[in-house]
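Colleague: Below is a structure I'd like to ask you about.
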Amino acid sequence: MQRHPAAFKENAAEALLDADLQRALGLAESGFGLKRRKAMAALPEFDALCDQATAIKDHVLDHLDVYLQRFEKAVLNSGGHVHWCEDAEQARQTILALCRSASAKMVTKGKSMVSEEIGLNGFLEANGVQPVETDLGEYIIQLADEPPSHIIGPALHKTKDQVSDLFHRHHPAIGYPDRLEEGEALVGEARSILRHKYLQADVGITGANFLIAETGSTVIVTNEGNGDMTQIFPRMHIVLASIEKIVPTLEDAATLLRVLARSATGQEMSVYTTFSTGPKRAGDADGPDAFHVVLLDNGRSKLLGGNQRDILRCIRCGACMNNCPVYMAAGGHAYGATYMGPMGSVLTPHFAGLHAAQALPFASTFCGRCEAVCPMRIPLPKLMRELRSDAHSARLTPARERFWLALWLWAAQRPRLYRAISSGVLRGLAFLSRGRGRFHWLPLAGGWTAARDFPAPQGDSFLAQWAKRRKPGS
Amino acid sequence: MSVARTAILSRIRASQAARGSAPDAISVDARIERHASNLIPARGLLRGDALVTQFSQFLVKAMASVASVPTAQDVPRAIAEFMSANKMSGPIRLSGDAMLASMPWDRIALYAPCTGDVCESDMAGVSVALCGIAETATLMLYSGPHAASGLNFLPPAHIVVVRASDIVGALEDGWARLRQACNGQMPRTVNLITGPSRTADIAQTMYMGAHGPKHLHVILVEKDD
């Protein structure tokens, strides 16, 4: 797999032939879909909650400058610090400086997609700070030196055998010589290795699902408990979050939490939802001595003003990719970007530039399932269609495609000519099919007929039949 | 204030102006001050006995176990039963909560119950929840001098004591309790816990006890002291 979005087509073709990947995706597709539908069925108010959650985020985006300042003030009042970063480079430098101020050699990390977005691990490593991922999925892909293939299941593309092999390649050197086959034993081995890391780490870095303006709290939602041990035991807790994660109050967070886990894993609540506010207080039994929030913009403030603003409501539940036929066939790595699936196909062009990522808005059949399952009512097909249109206008799409589109446009603006051509083609195809009803091969349609037959037209066009059958006077 | 802060805020304002939205600090402050509840699902509006019944049912659905005892004095015995049923030995680490301090721990000396800093060799941690939320069987705990957050995560078993009178309907009721208990000041850590630790990161199969506790055992105390 090539790790850039322009290679989507080649990557997808490769992915379709990867038997391990297809097996892993098959498990994910059936599992996620069923669990989400069960959770919906158990909560009659789900749709109404989604409407409210959407309204909350829209309200925050309308007043984002005020909310960010209220959040900052509340963090400062609780004894924490806020660092504003315009781009990935500033965020990396800020975090490195904080790690150095704590004389950190090793840092534990909770799962954070923003950390992937800014390429934090490679940067810290190159600067003498060892990052240790503690979410099991992130730990697996850190060993494999791969990026996440799903925003909530980073190692979703790996089979159990592949995890066994990976552990057996890395763990004998640290005192675990056996190749384990059972899932439970693999989880146990990772558990015992990471246990010591939590207690040894100098700094713990987590992301945030939400930032609460009312209290200055950062919120993480996990099932494993790794994000908690990452922030409880080290002396310094750094939270890396993007600016659109703001939620006004604890009550608003309750509404968002009700739709988040149900949309993501089908749970009613994730196991651990943790609100962290400032460093430990005088007399507290445990907790970090220092609390830093690194706020990342990275293009979001600009996105806020354009016609793609709706994507900033995204709460990263992953429902759009879990229900995307393209994602479930190609897998997350095919997208060659931090964020994948429909939400990634909208976000990536804004991060990487449309010239580099124009293939992604085309990685959709526009079946509309992503929009139907999105708890934040993000019109993903519409946003991808706008990006396709932008790519076409900027002449970024292939010249051949633009030529055919221009030809079609020319004909479509001349209805009589268009109907003459289409009915000629229909009759010609019907004649050529010689009653077989389908084609194994057709000129200019090799992409279609390579994998399936092309159905032969069964008569005239819709408009022609309409004209013929319309009763007089109706 | 930093250059980046100024630049980000002014870009946000330019974007808002481009869309014709006018940020309003006064209405934002009023909304925060009011912190009004949004829609609460019917299952979060139960009262009376139905609260405890639903809380217990949903706990089991969340893969936790639950036991009821008449009074706080019966808690140590219930803990011993849980430890023995799961073939676990001590030591048991108790949080500094005042409710635990008055219980007869000498009756289960076999499990070496003790207070103080949690450590890797502890087999179980015992905490007291501020409240239990019946909507999703979620326990609300917060850190302070009385409770180390680490106790909720490090030992293989987490035992949480909650008074039946502290079972509330919805998460919003929990926030009201928290604001009252902490005089409106947010503690360093608030943990909402719904079941024991788990992961599905290996081939979409659920395994319990990923990093946090493999067992979550809730002891409901029926009568207040």
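Residue names in the structure tokens use chain letters A, B, ... in the order shown, residue numbers from 1 in each chain, and ligand numbers from 1 in the order shown.
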Name the residues in contact with A:Glu224 at a cut-off of 6 Å, using only C-alpha atoms, excluding same-chain residues fewer than 6 positions from it; report them as a ChimeraX atom specification.
Modeller: /B:197-199,210-211
Colleague: Mind listing as a ChimeraX atom specification which residues of chain B are within 7 Å of chain A, counting only C-alpha atoms?
Modeller: /B:4-5,8-9,11-13,15-16,18-19,21,23-25,32,35-39,41,136,144-145,147-150,153,171-172,186-199,201-204,207,210-212
Colleague: Keeping N, CA and C atoms, export the residues of the selection given above as a compact mmCIF listing (two decimals), in the first residue's frame.
Modeller:
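See again.txt below for the written result:
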# COMPACT_ATOMS: atom_id res chain seq x y z
N ALA B 4 0.01 32.55 17.80
CA ALA B 4 -0.87 31.53 17.22
C ALA B 4 -2.30 31.72 17.70
N ARG B 5 -2.45 32.04 18.98
CA ARG B 5 -3.79 32.23 19.54
C ARG B 5 -4.52 33.36 18.79
N ILE B 8 -5.37 32.25 15.19
CA ILE B 8 -6.46 31.27 15.10
C ILE B 8 -7.80 31.96 15.36
N LEU B 9 -7.84 32.76 16.43
CA LEU B 9 -9.10 33.42 16.76
C LEU B 9 -9.53 34.39 15.66
N ARG B 11 -8.81 34.14 12.46
CA ARG B 11 -9.29 33.35 11.30
C ARG B 11 -10.70 32.83 11.57
N ILE B 12 -10.95 32.39 12.81
CA ILE B 12 -12.30 31.91 13.15
C ILE B 12 -13.31 33.04 12.96
N ARG B 13 -12.95 34.24 13.43
CA ARG B 13 -13.89 35.37 13.30
C ARG B 13 -14.13 35.71 11.84
N SER B 15 -14.03 33.63 9.36
CA SER B 15 -14.90 32.58 8.83
C SER B 15 -16.34 32.78 9.26
N GLN B 16 -16.52 33.17 10.52
CA GLN B 16 -17.88 33.41 11.01
C GLN B 16 -18.51 34.58 10.26
N ALA B 18 -17.78 35.54 7.27
CA ALA B 18 -18.07 35.11 5.90
C ALA B 18 -19.40 34.39 5.81
N ARG B 19 -19.79 33.72 6.87
CA ARG B 19 -21.07 32.99 6.87
C ARG B 19 -22.21 33.83 7.45
N SER B 21 -22.54 34.71 10.56
CA SER B 21 -22.91 34.43 11.95
C SER B 21 -22.21 35.44 12.86
N PRO B 23 -20.98 35.91 16.55
CA PRO B 23 -20.76 35.30 17.86
C PRO B 23 -21.19 36.27 18.96
N ASP B 24 -21.82 35.71 19.97
CA ASP B 24 -22.42 36.56 20.99
C ASP B 24 -21.98 36.05 22.37
N ALA B 25 -21.01 36.76 22.97
CA ALA B 25 -20.43 36.31 24.24
C ALA B 25 -21.46 36.28 25.36
N ILE B 32 -23.96 28.80 29.30
CA ILE B 32 -23.08 28.02 30.18
C ILE B 32 -23.58 28.09 31.63
N HIS B 35 -26.60 25.91 32.10
CA HIS B 35 -26.32 24.49 31.83
C HIS B 35 -27.59 23.63 31.87
N ALA B 36 -28.54 24.00 31.03
CA ALA B 36 -29.84 23.31 30.99
C ALA B 36 -29.69 21.90 30.42
N SER B 37 -30.56 21.01 30.89
CA SER B 37 -30.58 19.65 30.34
C SER B 37 -31.23 19.65 28.97
N ASN B 38 -30.75 18.76 28.10
CA ASN B 38 -31.41 18.53 26.82
C ASN B 38 -32.37 17.35 27.02
N LEU B 39 -32.78 16.73 25.92
CA LEU B 39 -33.71 15.60 26.02
C LEU B 39 -33.12 14.47 26.87
N PRO B 41 -33.79 10.57 27.80
CA PRO B 41 -34.61 9.44 27.36
C PRO B 41 -35.49 8.92 28.52
N THR B 136 -27.89 3.78 32.16
CA THR B 136 -26.96 2.90 31.45
C THR B 136 -26.15 2.02 32.41
N GLY B 144 -9.96 12.68 44.71
CA GLY B 144 -9.77 13.66 45.77
C GLY B 144 -8.95 13.03 46.86
N PRO B 145 -8.86 13.68 48.01
CA PRO B 145 -8.11 13.08 49.12
C PRO B 145 -8.72 11.74 49.54
N ALA B 147 -10.14 9.49 47.51
CA ALA B 147 -10.15 8.44 46.49
C ALA B 147 -9.09 8.69 45.43
N ALA B 148 -8.25 7.67 45.21
CA ALA B 148 -7.27 7.72 44.13
C ALA B 148 -7.93 7.15 42.89
N SER B 149 -7.82 7.86 41.78
CA SER B 149 -8.39 7.39 40.52
C SER B 149 -7.72 6.09 40.07
N GLY B 150 -6.44 5.94 40.40
CA GLY B 150 -5.69 4.74 40.00
C GLY B 150 -6.26 3.45 40.55
N PHE B 153 -8.46 1.41 38.29
CA PHE B 153 -7.92 0.84 37.06
C PHE B 153 -6.84 -0.22 37.24
N LEU B 171 -27.75 10.69 33.51
CA LEU B 171 -26.43 11.31 33.67
C LEU B 171 -26.58 12.74 34.22
N GLU B 172 -27.61 13.44 33.80
CA GLU B 172 -27.83 14.81 34.26
C GLU B 172 -28.04 14.85 35.78
N MET B 186 -15.03 21.46 39.67
CA MET B 186 -14.81 20.15 39.05
C MET B 186 -13.58 19.51 39.70
N PRO B 187 -13.68 18.27 40.20
CA PRO B 187 -12.48 17.61 40.71
C PRO B 187 -11.51 17.28 39.58
N ARG B 188 -10.26 16.90 39.92
CA ARG B 188 -9.28 16.58 38.88
C ARG B 188 -9.83 15.51 37.92
N THR B 189 -10.38 14.41 38.47
CA THR B 189 -10.85 13.34 37.60
C THR B 189 -12.26 12.90 37.98
N VAL B 190 -13.12 12.82 36.99
CA VAL B 190 -14.42 12.19 37.18
C VAL B 190 -14.45 10.96 36.28
N ASN B 191 -14.65 9.79 36.89
CA ASN B 191 -14.71 8.55 36.11
C ASN B 191 -16.16 8.08 36.00
N LEU B 192 -16.62 7.92 34.77
CA LEU B 192 -17.90 7.25 34.52
C LEU B 192 -17.55 5.84 34.07
N ILE B 193 -17.98 4.85 34.84
CA ILE B 193 -17.56 3.47 34.58
C ILE B 193 -18.79 2.62 34.30
N THR B 194 -18.78 1.94 33.14
CA THR B 194 -19.92 1.11 32.74
C THR B 194 -19.40 -0.28 32.39
N GLY B 195 -19.26 -1.14 33.38
CA GLY B 195 -18.76 -2.50 33.12
C GLY B 195 -17.26 -2.59 33.25
N PRO B 196 -16.72 -3.83 33.17
CA PRO B 196 -15.28 -4.03 33.27
C PRO B 196 -14.55 -3.73 31.95
N SER B 197 -13.25 -3.53 32.04
CA SER B 197 -12.40 -3.24 30.88
C SER B 197 -12.51 -4.34 29.83
N ARG B 198 -12.46 -3.94 28.57
CA ARG B 198 -12.55 -4.93 27.49
C ARG B 198 -11.89 -4.37 26.23
N THR B 199 -11.64 -5.24 25.27
CA THR B 199 -11.11 -4.79 23.98
C THR B 199 -11.66 -5.68 22.88
N ASP B 201 -9.92 -5.29 19.85
CA ASP B 201 -8.91 -4.89 18.87
C ASP B 201 -8.23 -6.07 18.19
N ILE B 202 -8.46 -7.29 18.68
CA ILE B 202 -7.93 -8.45 17.95
C ILE B 202 -9.09 -9.15 17.27
N ALA B 203 -9.15 -9.01 15.95
CA ALA B 203 -10.11 -9.71 15.10
C ALA B 203 -11.55 -9.56 15.57
N GLN B 204 -11.89 -8.36 16.08
CA GLN B 204 -13.29 -8.05 16.40
C GLN B 204 -13.90 -8.97 17.44
N TYR B 207 -12.55 -9.43 24.35
CA TYR B 207 -11.79 -10.03 25.46
C TYR B 207 -11.88 -9.09 26.65
N ALA B 210 -8.71 -5.71 29.37
CA ALA B 210 -7.67 -5.29 28.43
C ALA B 210 -6.51 -4.64 29.18
N HIS B 211 -6.77 -3.56 29.88
CA HIS B 211 -5.73 -2.91 30.70
C HIS B 211 -6.27 -2.68 32.10
N GLY B 212 -7.52 -2.32 32.16
CA GLY B 212 -8.16 -2.09 33.44
C GLY B 212 -8.68 -3.41 33.99
Colleague: Tell me which protein, DNA and RNA residues are within 12 Å of B:Thr53, counting only C-alpha atoms, leaving out same-chain ones fewer than 2 positions away, and put them as a PyMOL selection string.
Modeller: chain B and resi 43+46-51+55-60+66+68+132-135+137+164+167-169+220
Colleague: Atoms to include: N, CA and C atoms. Write the selected residues as a short mmCIF file (atom, residue, chain, number, x, y, z; two decimals), in the first residue's frame.
Modeller:
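Saved the output as again-v5.cif:
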data_model
loop_
_atom_site.label_atom_id
_atom_site.label_comp_id
_atom_site.auth_asym_id
_atom_site.auth_seq_id
_atom_site.Cartn_x
_atom_site.Cartn_y
_atom_site.Cartn_z
N ARG B 43 -35.97 6.10 29.69
CA ARG B 43 -35.32 5.15 30.59
C ARG B 43 -34.46 5.83 31.66
N LEU B 46 -36.85 7.18 35.39
CA LEU B 46 -37.49 6.31 36.38
C LEU B 46 -37.27 6.87 37.79
N ARG B 47 -38.17 6.49 38.70
CA ARG B 47 -38.02 6.88 40.09
C ARG B 47 -38.33 5.67 40.97
N GLY B 48 -37.94 5.73 42.24
CA GLY B 48 -38.29 4.69 43.21
C GLY B 48 -37.58 3.36 42.94
N ASP B 49 -38.27 2.26 43.24
CA ASP B 49 -37.68 0.93 43.14
C ASP B 49 -37.24 0.59 41.72
N ALA B 50 -37.99 1.12 40.74
CA ALA B 50 -37.67 0.82 39.34
C ALA B 50 -36.24 1.22 38.99
N LEU B 51 -35.74 2.27 39.67
CA LEU B 51 -34.37 2.73 39.44
C LEU B 51 -33.37 1.62 39.74
N PHE B 55 -31.05 -0.46 37.14
CA PHE B 55 -29.61 -0.32 37.35
C PHE B 55 -28.96 -1.70 37.43
N SER B 56 -29.56 -2.60 38.23
CA SER B 56 -29.00 -3.94 38.40
C SER B 56 -29.05 -4.74 37.09
N GLN B 57 -30.17 -4.64 36.38
CA GLN B 57 -30.30 -5.37 35.11
C GLN B 57 -29.25 -4.91 34.10
N PHE B 58 -29.11 -3.59 33.97
CA PHE B 58 -28.18 -3.06 32.98
C PHE B 58 -26.72 -3.34 33.38
N LEU B 59 -26.45 -3.44 34.69
CA LEU B 59 -25.09 -3.78 35.13
C LEU B 59 -24.69 -5.14 34.55
N VAL B 60 -25.62 -6.09 34.64
CA VAL B 60 -25.33 -7.44 34.15
C VAL B 60 -25.14 -7.42 32.64
N VAL B 66 -23.30 -8.04 40.39
CA VAL B 66 -23.91 -7.17 41.39
C VAL B 66 -24.42 -8.00 42.56
N SER B 68 -26.48 -7.44 46.60
CA SER B 68 -27.16 -6.50 47.49
C SER B 68 -26.89 -6.88 48.92
N GLY B 132 -24.92 5.93 41.22
CA GLY B 132 -25.06 4.99 40.12
C GLY B 132 -26.13 5.54 39.20
N ILE B 133 -25.91 5.47 37.89
CA ILE B 133 -26.85 6.07 36.94
C ILE B 133 -27.62 4.95 36.25
N ALA B 134 -28.94 4.90 36.52
CA ALA B 134 -29.74 3.76 36.07
C ALA B 134 -29.92 3.71 34.56
N GLU B 135 -29.82 4.85 33.92
CA GLU B 135 -30.01 4.93 32.47
C GLU B 135 -29.15 3.93 31.71
N ALA B 137 -26.53 1.98 33.69
CA ALA B 137 -25.76 1.28 34.71
C ALA B 137 -24.34 1.80 34.81
N ALA B 164 -28.18 2.32 47.75
CA ALA B 164 -29.37 2.27 46.90
C ALA B 164 -29.98 3.67 46.78
N ILE B 167 -28.74 5.79 43.78
CA ILE B 167 -29.01 5.45 42.38
C ILE B 167 -29.91 6.55 41.81
N VAL B 168 -29.45 7.17 40.72
CA VAL B 168 -30.23 8.24 40.09
C VAL B 168 -30.63 7.80 38.69
N GLY B 169 -31.51 8.58 38.06
CA GLY B 169 -32.03 8.17 36.76
C GLY B 169 -31.07 8.39 35.61
N LEU B 220 -24.56 -3.17 46.30
CA LEU B 220 -25.62 -2.20 46.60
C LEU B 220 -25.96 -2.28 48.08
#
Colleague: Can you check which residues of stretch 39-177 of chain A DSSP gives as strand (DSSP E or B) on the backbone and send them as a list of chain:residue names?
Modeller: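 Checking each residue of stretch 39-177 of chain A, the strand (DSSP E or B) ones are A:His81, A:Val82, A:His83, A:Trp84, A:Cys85, A:Met106, A:Val107, A:Thr108, A:Lys109, A:Gln130, A:Pro131, A:Val132, A:Glu133.
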Colleague: Those selected residues, please, written with C-alpha atoms and delivered as a compact mmCIF listing (two decimals), in the first residue's frame.
Modeller:
# COMPACT_ATOMS: atom_id res chain seq x y z
CA HIS A 81 -2.16 25.42 30.69
CA VAL A 82 -3.40 25.91 27.12
CA HIS A 83 -1.12 25.99 24.06
CA TRP A 84 -2.56 27.22 20.76
CA CYS A 85 -1.04 25.66 17.64
CA MET A 106 9.48 7.64 27.57
CA VAL A 107 5.89 8.77 27.16
CA THR A 108 2.76 6.61 27.20
CA LYS A 109 -0.03 7.52 24.81
CA GLN A 130 10.18 7.08 23.11
CA PRO A 131 6.39 7.06 22.56
CA VAL A 132 4.55 3.94 23.71
CA GLU A 133 1.03 3.42 22.38
Colleague: Where does DSSP see helix (DSSP H, G or I) in stretch 37-151 of chain B, if you list the residues as number ranges by chain?
Modeller: B: 42-44, 49-61, 72-85, 98-101, 105-111, 149-151
Colleague: How about saving the chosen residues, C-alpha atoms kept, as an mmCIF file, in the first residue's frame?
Modeller:
data_model
loop_
_atom_site.group_PDB
_atom_site.id
_atom_site.type_symbol
_atom_site.label_atom_id
_atom_site.label_comp_id
_atom_site.auth_asym_id
_atom_site.auth_seq_id
_atom_site.Cartn_x
_atom_site.Cartn_y
_atom_site.Cartn_z
ATOM 1 C CA ALA B 42 -37.579 7.852 29.167
ATOM 2 C CA ARG B 43 -35.316 5.146 30.592
ATOM 3 C CA GLY B 44 -33.452 7.888 32.493
ATOM 4 C CA ASP B 49 -37.678 0.932 43.141
ATOM 5 C CA ALA B 50 -37.672 0.824 39.343
ATOM 6 C CA LEU B 51 -34.369 2.735 39.441
ATOM 7 C CA VAL B 52 -32.541 0.035 41.377
ATOM 8 C CA THR B 53 -34.107 -2.759 39.326
ATOM 9 C CA GLN B 54 -33.047 -1.238 36.001
ATOM 10 C CA PHE B 55 -29.605 -0.319 37.345
ATOM 11 C CA SER B 56 -28.999 -3.943 38.402
ATOM 12 C CA GLN B 57 -30.295 -5.366 35.112
ATOM 13 C CA PHE B 58 -28.176 -3.058 32.980
ATOM 14 C CA LEU B 59 -25.090 -3.782 35.128
ATOM 15 C CA VAL B 60 -25.334 -7.437 34.154
ATOM 16 C CA LYS B 61 -25.810 -6.467 30.492
ATOM 17 C CA ALA B 72 -22.874 -1.040 55.193
ATOM 18 C CA GLN B 73 -21.708 -3.408 57.946
ATOM 19 C CA ASP B 74 -22.361 -6.346 55.573
ATOM 20 C CA VAL B 75 -20.081 -5.066 52.809
ATOM 21 C CA PRO B 76 -16.841 -6.827 53.906
ATOM 22 C CA ARG B 77 -18.626 -10.187 54.030
ATOM 23 C CA ALA B 78 -20.038 -9.611 50.503
ATOM 24 C CA ILE B 79 -16.542 -8.760 49.289
ATOM 25 C CA ALA B 80 -15.163 -11.978 50.773
ATOM 26 C CA GLU B 81 -17.899 -13.920 48.959
ATOM 27 C CA PHE B 82 -16.997 -12.277 45.663
ATOM 28 C CA MET B 83 -13.261 -12.976 46.145
ATOM 29 C CA SER B 84 -13.877 -16.580 47.054
ATOM 30 C CA ALA B 85 -16.344 -17.172 44.194
ATOM 31 C CA ALA B 98 -15.203 7.591 55.123
ATOM 32 C CA MET B 99 -17.961 5.069 54.427
ATOM 33 C CA LEU B 100 -15.391 2.265 54.096
ATOM 34 C CA ALA B 101 -13.481 3.357 57.225
ATOM 35 C CA TRP B 105 -12.706 -5.265 57.922
ATOM 36 C CA ASP B 106 -11.211 -7.438 60.674
ATOM 37 C CA ARG B 107 -13.820 -10.080 59.731
ATOM 38 C CA ILE B 108 -12.082 -10.678 56.380
ATOM 39 C CA ALA B 109 -8.456 -10.320 57.512
ATOM 40 C CA LEU B 110 -7.703 -13.309 55.251
ATOM 41 C CA TYR B 111 -7.830 -10.928 52.267
ATOM 42 C CA SER B 149 -8.389 7.395 40.525
ATOM 43 C CA GLY B 150 -5.685 4.744 39.996
ATOM 44 C CA LEU B 151 -7.537 2.391 42.316
#
Colleague: So that I can see what lies close to B:Asn86, please list as a ChimeraX atom specification the residues with an atom at most 12 Å from it, counting only C-alpha atoms and leaving out residues fewer than 4 positions away in the same chain.
Modeller: /B:65,79-82,90,123-124,156-157,214-217
Colleague: With only C-alpha atoms as the basis for distance, which of B:Val162, B:Met206, B:Ala200, B:Val128 is at the shortest distance from B:Ala67?
Modeller: B:Val162
Colleague: What does the structure give for the distance between atom CA of A:Cys324 and atom CA of A:Gly266, in Å to one decimal?
Modeller: 16.5 Å
Colleague: Can you tell me how far atom CA of A:Ala15 sits from atom CA of A:Ala330, in Å to one decimal?
Modeller: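 According to the coordinates, atom CA of A:Ala15 and atom CA of A:Ala330 are separated by 5.4 Å.
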Colleague: Which value, in Å to one decimal, gives the distance between atom CA of A:Ala42 and atom CA of A:Asn323?
Modeller: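 According to the coordinates, atom CA of A:Ala42 and atom CA of A:Asn323 are separated by 19.5 Å.
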Colleague: Could you pull the residues within 6 Å of A:Asp202, counting only C-alpha atoms, minus those fewer than 5 positions along the same chain, as a PyMOL selection string?
Modeller: chain A and resi 104+107+234-235
Colleague: Could those residues be written to a file, using N, CA and C atoms, as an mmCIF file, in the first residue's frame?
Modeller:
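Done, and the output landed in part.cif:
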data_model
loop_
_atom_site.group_PDB
_atom_site.id
_atom_site.type_symbol
_atom_site.label_atom_id
_atom_site.label_comp_id
_atom_site.auth_asym_id
_atom_site.auth_seq_id
_atom_site.Cartn_x
_atom_site.Cartn_y
_atom_site.Cartn_z
ATOM 1 N N ALA A 104 11.551 13.995 29.920
ATOM 2 C CA ALA A 104 10.933 12.715 29.573
ATOM 3 C C ALA A 104 11.787 11.912 28.597
ATOM 4 N N VAL A 107 7.243 8.280 26.918
ATOM 5 C CA VAL A 107 5.886 8.765 27.161
ATOM 6 C C VAL A 107 4.888 7.686 26.765
ATOM 7 N N PRO A 234 1.803 9.227 35.268
ATOM 8 C CA PRO A 234 2.953 10.111 34.988
ATOM 9 C C PRO A 234 2.819 11.481 35.656
ATOM 10 N N ARG A 235 3.932 12.211 35.733
ATOM 11 C CA ARG A 235 3.913 13.523 36.400
ATOM 12 C C ARG A 235 3.190 14.582 35.567
#
Colleague: For A:Cys367, list every protein, DNA or RNA residue within 12 Å, evaluated using only C-alpha atoms, and leave out those in the same chain fewer than 6 positions away; present the list as a PyMOL selection string.
Modeller: chain A and resi 320+323-326+342+373+380-382
Colleague: With a distance cut-off of 9 Å and only C-alpha atoms, select the neighbouring residues of stretch 445-460 of chain A, excluding the residue or stretch itself and same-chain residues fewer than 5 positions from it, and output the selection as a list in words.
Modeller: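 These residues fall inside the cut-off: Ser423, Leu426, Arg427, Leu429, Ala430, Leu432, Ser433, Gly435, Arg436, Gly437, Arg438, Phe439, His440 and Gln465 of chain A.
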